[in-house]
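Remarks on the structure that follows.
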Amino acid sequence: MARWIISATSGSTWSAWHSNYIYYVGKTVVVTGVAGFIGSRVAARMAAEGFTVVGVDDLSSGKQSNVPSSIDFIQGNLADTQTISKLPKSAEFVLHLAGQSSGEMSFDDPIEDLKKNTISTLHLIRYGIGANISKLVYASSMSVYGNVPDAPIGEDEHVAPLSCYGVGKLAAENYLNVFGKQVPNVSLRMFNVYGPGQDMTNLRQGMVSIYLAQALTNKHIVVKGSLERFRDFIYIDDVVEAWFRATTFVGVGGGVDGNTINIGTGVRTTVAQVLEAVKANVVGTTVEVTDPTPGDQNGIFADITRMRSLLGMSDFVQLADGVKRFSDFVKTV
Ligand SMILES: NC(=O)c1ccc[n+]([C@@H]2O[C@H](COP(=O)([O-])OP(=O)(O)OC[C@H]3O[C@@H](n4cnc5c(N)ncnc54)[C@H](O)[C@@H]3O)[C@@H](O)[C@H]2O)c1
């Protein structure tokens with residue numbers, strides 16, 4: 001199975017991507033957070049594409065059972081240099097998805113959040129320099145923006161995070177910028193990712209999973225904050241595709257590298273609309289509204305112009321379809 005890195009020679013659509021290939025079968029990619037929701041799926045995709053995948057996770061929130069069987073697995077905390085010393089001496093790419101992933105939980109222990117999210121990233125940057133990697137792709141977040149106007153938010157907008165989590169993500173992005181010449185990199189500012197594989201037992205991270213879990217368990221959803229808040233929900237399959245493209249597309253003059261890219265659908269969806277989608281799959285569910293959590297953004301959705309032009313993505317799974325697929329999946333496990 002011959003696989004190649006595709007380099008874009010012109011801008012905007014998938015059909016415009018040309019043949020400018022670099023062979024990548026068997027090249028090593030380090031994927032962190034492989035026992036988690038997104039990292040496990042990204043690792044499985046990279047393995048299916050022919051990469052040799054080395055996965056890392058400390059199993060703090062992830063589960064061993066999520067780790068794809070086709071990859072090598074290192075258990076360890078990336079904030080700890082002992083874990084870094086176990087990484088392969090050379091690698092082509094590092095896809096860094098490990099981290100404490102909840103804005104709400106970042107207030108419980110901000111120092112631990114800093115270690116898990118930001119210090120880990122610094123360690124990986126230094127590892128990347130030593131291993132002479134071609135690219136590090138980083139799991140950043142829409143949390144870096146903070147409160148924004150009710151309009152699509154572009155990557156060059158002002159950033160003012162409201163949570164310790166957002167501060168740590170932004171700091172990691174900035175460290176990546178500082179070392180960008182030594183470690184080419186791209187930060188993916190993911191919006192609200194949802195779908196099969198999301199942790200249904202964690203009721204403090206992931207809006208769709210929290211609401212779906214409550215509906216399926218109690219037929220009653222407690223919403224922390226206003227129903228008029230809005231977000232940009234993107235299905236896991238679309239996110240995995242974005243990670244694959246951000247990793248393997250080279251682009252003219254390394255077009256993808258050195259960028260920060262919003263990963264969303266560009267669709268403004270209210271919490272009330274999400275609840276309708278969930279209730280359509282769990283008939284008879286009631287809703288109760290309580291106080292908001294600290295650091296929660298009122299509303300945000302992505303300007304995806306850059307995602308379209310650099311990653312060639314514009315068709316996405318629609319929310320009603322994605323929630324149905326997610327609900328059907330959960331009902332069968
Ligand atoms: N899910 C979303 O909607 C979303 C949105 C924006 C950004 N992100 C970011 O994407 C990444 C993946 O998110 P997810 O939803 O899959 O979260 P997740 O909690 O399911 O996965 C994160 C994984 O990282 C592991 N981990 C945490 N700290 C670690 C450390 N220091 N060393 C080694 N392993 C560690 C955990 O055990 C877990 O398996 C996270 O960095 C998160 O902040 C997620």
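Labeling convention for the structure tokens: chains A, B, ... as they appear, residues from 1 per chain, ligands from 1 in order of appearance.
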Using only C-alpha atoms and all ligand atoms, find each residue in chain A having at least one atom no more than 7 Å away from ligand 1; report its shortest atom-to-atom pair and that distance in Å (one decimal), rows by chain then rising number, as CSV.
residue,atom,partner,partner_atom_place_in_ligand_line,distance
A:Thr32,CA,ligand 1,34 (N),6.4
A:Gly33,CA,ligand 1,24 (O),3.6
A:Val34,CA,ligand 1,39 (O),5.9
A:Ala35,CA,ligand 1,39 (O),4.0
A:Gly36,CA,ligand 1,39 (O),3.3
A:Phe37,CA,ligand 1,16 (O),3.6
A:Ile38,CA,ligand 1,16 (O),3.7
A:Gly39,CA,ligand 1,16 (O),5.4
A:Val56,CA,ligand 1,33 (C),6.1
A:Asp57,CA,ligand 1,34 (N),3.6
A:Asp58,CA,ligand 1,34 (N),4.1
A:Leu59,CA,ligand 1,37 (O),3.8
A:Ser60,CA,ligand 1,37 (O),3.9
A:Ser61,CA,ligand 1,37 (O),3.9
A:Gly62,CA,ligand 1,39 (O),3.0
A:Lys63,CA,ligand 1,39 (O),6.3
A:Gly76,CA,ligand 1,33 (C),5.6
A:Asn77,CA,ligand 1,32 (N),3.5
A:Leu78,CA,ligand 1,32 (N),3.9
A:Ala79,CA,ligand 1,31 (N),5.1
A:Leu97,CA,ligand 1,11 (C),4.2
A:Ala98,CA,ligand 1,24 (O),3.4
A:Gly99,CA,ligand 1,27 (C),3.6
A:Gln100,CA,ligand 1,27 (C),4.8
A:Ser101,CA,ligand 1,43 (O),3.6
A:Ser102,CA,ligand 1,43 (O),6.7
A:Lys115,CA,ligand 1,31 (N),6.9
A:Lys116,CA,ligand 1,31 (N),3.8
A:Asn117,CA,ligand 1,31 (N),6.3
A:Ser120,CA,ligand 1,31 (N),5.8
A:Ala139,CA,ligand 1,10 (O),4.7
A:Ser140,CA,ligand 1,7 (C),5.2
A:Ser141,CA,ligand 1,6 (C),3.9
A:Met142,CA,ligand 1,6 (C),6.3
A:Arg189,CA,ligand 1,6 (C),6.3
A:Met190,CA,ligand 1,6 (C),4.2
A:Phe191,CA,ligand 1,5 (C),5.1
A:Asn192,CA,ligand 1,3 (O),4.0
A:Val193,CA,ligand 1,3 (O),3.7
A:Tyr194,CA,ligand 1,3 (O),6.4
A:Gln198,CA,ligand 1,20 (O),6.5
A:Asp199,CA,ligand 1,20 (O),6.5
A:Gly206,CA,ligand 1,3 (O),5.9
Take the residues that were just selected and, keeping C-alpha atoms, output them as a CSV table (one decimal), in the first residue's frame.
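Okay, this is what ended up in selection_4.csv:
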chain,number,residue,atom,x,y,z
A,32,THR,CA,0.0,11.8,22.4
A,33,GLY,CA,-3.3,11.3,24.2
A,34,VAL,CA,-3.9,8.0,22.4
A,35,ALA,CA,-6.1,6.7,25.1
A,36,GLY,CA,-8.4,9.7,24.8
A,37,PHE,CA,-11.3,10.5,22.6
A,38,ILE,CA,-9.6,12.4,19.7
A,39,GLY,CA,-6.1,11.0,20.0
A,56,VAL,CA,1.7,8.0,24.5
A,57,ASP,CA,-0.8,8.5,27.3
A,58,ASP,CA,-0.7,8.6,31.1
A,59,LEU,CA,-4.2,7.1,31.4
A,60,SER,CA,-5.2,9.9,33.7
A,61,SER,CA,-8.5,10.3,31.9
A,62,GLY,CA,-8.1,8.0,28.9
A,63,LYS,CA,-8.7,4.3,28.9
A,76,GLY,CA,3.6,8.0,31.0
A,77,ASN,CA,3.0,11.6,31.8
A,78,LEU,CA,4.5,13.9,29.3
A,79,ALA,CA,5.2,16.5,32.0
A,97,LEU,CA,-3.3,15.7,21.7
A,98,ALA,CA,-2.6,14.7,25.3
A,99,GLY,CA,-3.9,17.1,27.9
A,100,GLN,CA,-6.3,17.9,30.6
A,101,SER,CA,-9.2,18.8,28.3
A,102,SER,CA,-11.8,20.6,30.4
A,115,LYS,CA,2.0,20.9,33.9
A,116,LYS,CA,-0.3,18.6,31.9
A,117,ASN,CA,-1.0,21.0,29.1
A,120,SER,CA,4.2,18.8,28.4
A,139,ALA,CA,-4.4,20.3,19.8
A,140,SER,CA,-5.3,23.9,20.7
A,141,SER,CA,-8.7,25.1,21.5
A,142,MET,CA,-11.3,27.8,20.8
A,189,ARG,CA,-7.9,25.5,17.4
A,190,MET,CA,-10.6,22.9,17.7
A,191,PHE,CA,-14.1,24.0,18.5
A,192,ASN,CA,-16.7,21.6,20.1
A,193,VAL,CA,-15.8,18.1,19.0
A,194,TYR,CA,-18.3,15.3,19.5
A,198,GLN,CA,-16.3,10.6,23.7
A,199,ASP,CA,-16.2,9.9,27.5
A,206,GLY,CA,-18.0,18.0,26.1
Give me the residues near A:Val271 as a count of residues only, where near means some atom within 10 Å (using only C-alpha atoms) and where sequence neighbours in that chain fewer than 4 positions away do not count.
15
Compare A:Asp315, A:Glu173, A:Asp156, A:Asp80 by their minimum atom-to-atom distance to A:Glu241, counting only C-alpha atoms, and give me the closest one.
A:Asp315
Which parts of stretch 73-248 of chain A does DSSP call strand (DSSP E or B) when run on the backbone here, written out as a ChimeraX atom specification?
/A:73-75,93-96,135-141,153,185-190,192-194,220-224,230-231,233-235
Rounded to one decimal, what separation in Å do you get between atom CA of A:Thr28 and atom CA of A:Val54?
7.2 Å
Would you give me, as CSV, each residue of stretch 99-143 of chain A having an atom within 6 Å of an atom of stretch 161-164 of chain A, along with its shortest atom pair and that distance in Å to one decimal, using only C-alpha atoms and sorting by chain and residue number?
residue,atom,partner,partner_atom,distance
A:Gly103,CA,A:Ser163,CA,5.8
A:Ser106,CA,A:Cys164,CA,5.5
A:Ser143,CA,A:Pro161,CA,6.0
Selection from above, C-alpha atoms, as a tab-separated table (two decimals), in the first residue's frame, can you write it?
chain	number	residue	atom	x	y	z
A	103	GLY	CA	-12.01	24.34	30.99
A	106	SER	CA	-8.74	23.55	34.99
A	143	SER	CA	-10.94	28.52	24.50
List the spatial neighbours of A:Val183 as a PDB file with C-alpha atoms, in the first residue's frame - criterion: any atom at most 7 Å away, only C-alpha atoms, same-chain residues fewer than 6 positions off excluded.
ATOM      1  CA  ILE A 125       9.107  20.850  21.520  1.00  0.00           C
ATOM      2  CA  GLY A 128      11.141  17.547  18.475  1.00  0.00           C
ATOM      3  CA  ILE A 129      14.302  19.629  18.129  1.00  0.00           C
ATOM      4  CA  ILE A 133      11.062  16.128  13.348  1.00  0.00           C
ATOM      5  CA  SER A 134       9.387  17.607  10.269  1.00  0.00           C
ATOM      6  CA  LYS A 135       6.325  18.916  12.065  1.00  0.00           C
ATOM      7  CA  LEU A 136       4.466  19.093  15.374  1.00  0.00           C
TER       8      LEU A 136
END
Within 10 Å of A:Ala47 using only C-alpha atoms, minus same-chain residues under 6 positions, as a PyMOL selection string:
chain A and resi 25-26+28-29+41+53-54+68-71
Which residues are close to A:Val178, i.e. within 12 Å by only C-alpha atoms, leaving aside same-chain residues fewer than 4 positions away? Reply as a ChimeraX atom specification.
/A:122,125-126,171-174,182-185,258
Which residues, written as a list in words, have at least one atom at most 9 Å from A:Ser327, with only C-alpha atoms counted and residues fewer than 2 positions away on the same chain left out?
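What passes the distance filter is Gly195, Pro196, Leu212, Leu216, Val278, Asn281, Val282, Gly322, Val323, Lys324, Arg325, Phe329, Val330, Lys331 and Thr332 of chain A.
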Could you please take those selected residues and save C-alpha atoms as a CSV table (one decimal), in the first residue's frame?
chain,number,residue,atom,x,y,z
A,195,GLY,CA,-19.1,11.8,18.5
A,196,PRO,CA,-18.5,8.1,19.3
A,212,LEU,CA,-26.6,12.7,25.6
A,216,LEU,CA,-29.9,8.2,28.0
A,278,VAL,CA,-30.4,15.0,21.6
A,281,ASN,CA,-33.0,10.6,19.8
A,282,VAL,CA,-34.1,10.2,23.4
A,322,GLY,CA,-23.8,13.4,13.9
A,323,VAL,CA,-25.9,13.3,17.1
A,324,LYS,CA,-28.0,10.4,15.7
A,325,ARG,CA,-24.8,8.5,14.8
A,329,PHE,CA,-23.4,4.1,18.8
A,330,VAL,CA,-23.9,4.6,22.5
A,331,LYS,CA,-27.1,2.6,22.5
A,332,THR,CA,-25.2,-0.4,21.0
Please identify which residues in stretch 216-319 of chain A DSSP calls alpha helix (DSSP H) from the backbone, and express them as JSON, numbers by chain.
{"A": [216, 217, 218, 236, 237, 238, 239, 240, 241, 242, 243, 244, 245, 246, 247, 248, 271, 272, 273, 274, 275, 276, 277, 278, 279, 280, 281, 305, 306, 307, 308, 309, 310, 311, 319]}
Suppose we keep C-alpha atoms; can you now write the selection as a tab-separated table (two decimals), in the first residue's frame?
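Listed below is the output, out10.tsv:
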chain	number	residue	atom	x	y	z
A	216	LEU	CA	-29.85	8.23	28.04
A	217	THR	CA	-29.40	7.64	31.78
A	218	ASN	CA	-32.17	9.77	33.34
A	236	ILE	CA	-15.13	13.45	15.20
A	237	ASP	CA	-14.69	12.05	11.66
A	238	ASP	CA	-14.25	15.58	10.28
A	239	VAL	CA	-11.73	16.37	13.01
A	240	VAL	CA	-9.69	13.24	12.25
A	241	GLU	CA	-9.63	14.26	8.58
A	242	ALA	CA	-8.40	17.73	9.54
A	243	TRP	CA	-5.58	16.24	11.64
A	244	PHE	CA	-4.54	13.95	8.82
A	245	ARG	CA	-4.47	16.81	6.33
A	246	ALA	CA	-2.70	19.23	8.68
A	247	THR	CA	-0.02	16.59	9.21
A	248	THR	CA	0.53	15.41	5.67
A	271	VAL	CA	-27.44	25.03	23.22
A	272	ALA	CA	-31.22	24.88	22.67
A	273	GLN	CA	-30.61	23.45	19.16
A	274	VAL	CA	-28.23	20.82	20.55
A	275	LEU	CA	-30.85	19.82	23.10
A	276	GLU	CA	-33.42	19.43	20.33
A	277	ALA	CA	-31.04	17.13	18.45
A	278	VAL	CA	-30.45	15.05	21.58
A	279	LYS	CA	-34.15	14.93	22.47
A	280	ALA	CA	-34.96	13.70	18.94
A	281	ASN	CA	-32.95	10.57	19.81
A	305	THR	CA	-11.77	30.38	5.72
A	306	ARG	CA	-8.27	29.18	6.60
A	307	MET	CA	-9.40	25.60	7.17
A	308	ARG	CA	-11.03	25.65	3.74
A	309	SER	CA	-8.03	27.09	1.94
A	310	LEU	CA	-5.19	25.27	3.72
A	311	LEU	CA	-6.85	21.91	4.43
A	319	LEU	CA	-25.37	18.18	13.70
Given the choices A:Val144, A:Tyr24, A:Phe249, A:Val67, which gets closest to A:Ala43 if the distance is worked out from only C-alpha atoms?
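Of the candidates, the smallest distance to A:Ala43 is held by A:Val67.
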Using only C-alpha atoms, pick whichever of A:Val167, A:Leu176, A:Gln64, A:Pro110 has the shortest atom-to-atom distance to A:His123.
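Distance minimum relative to A:His123 lands on A:Leu176.
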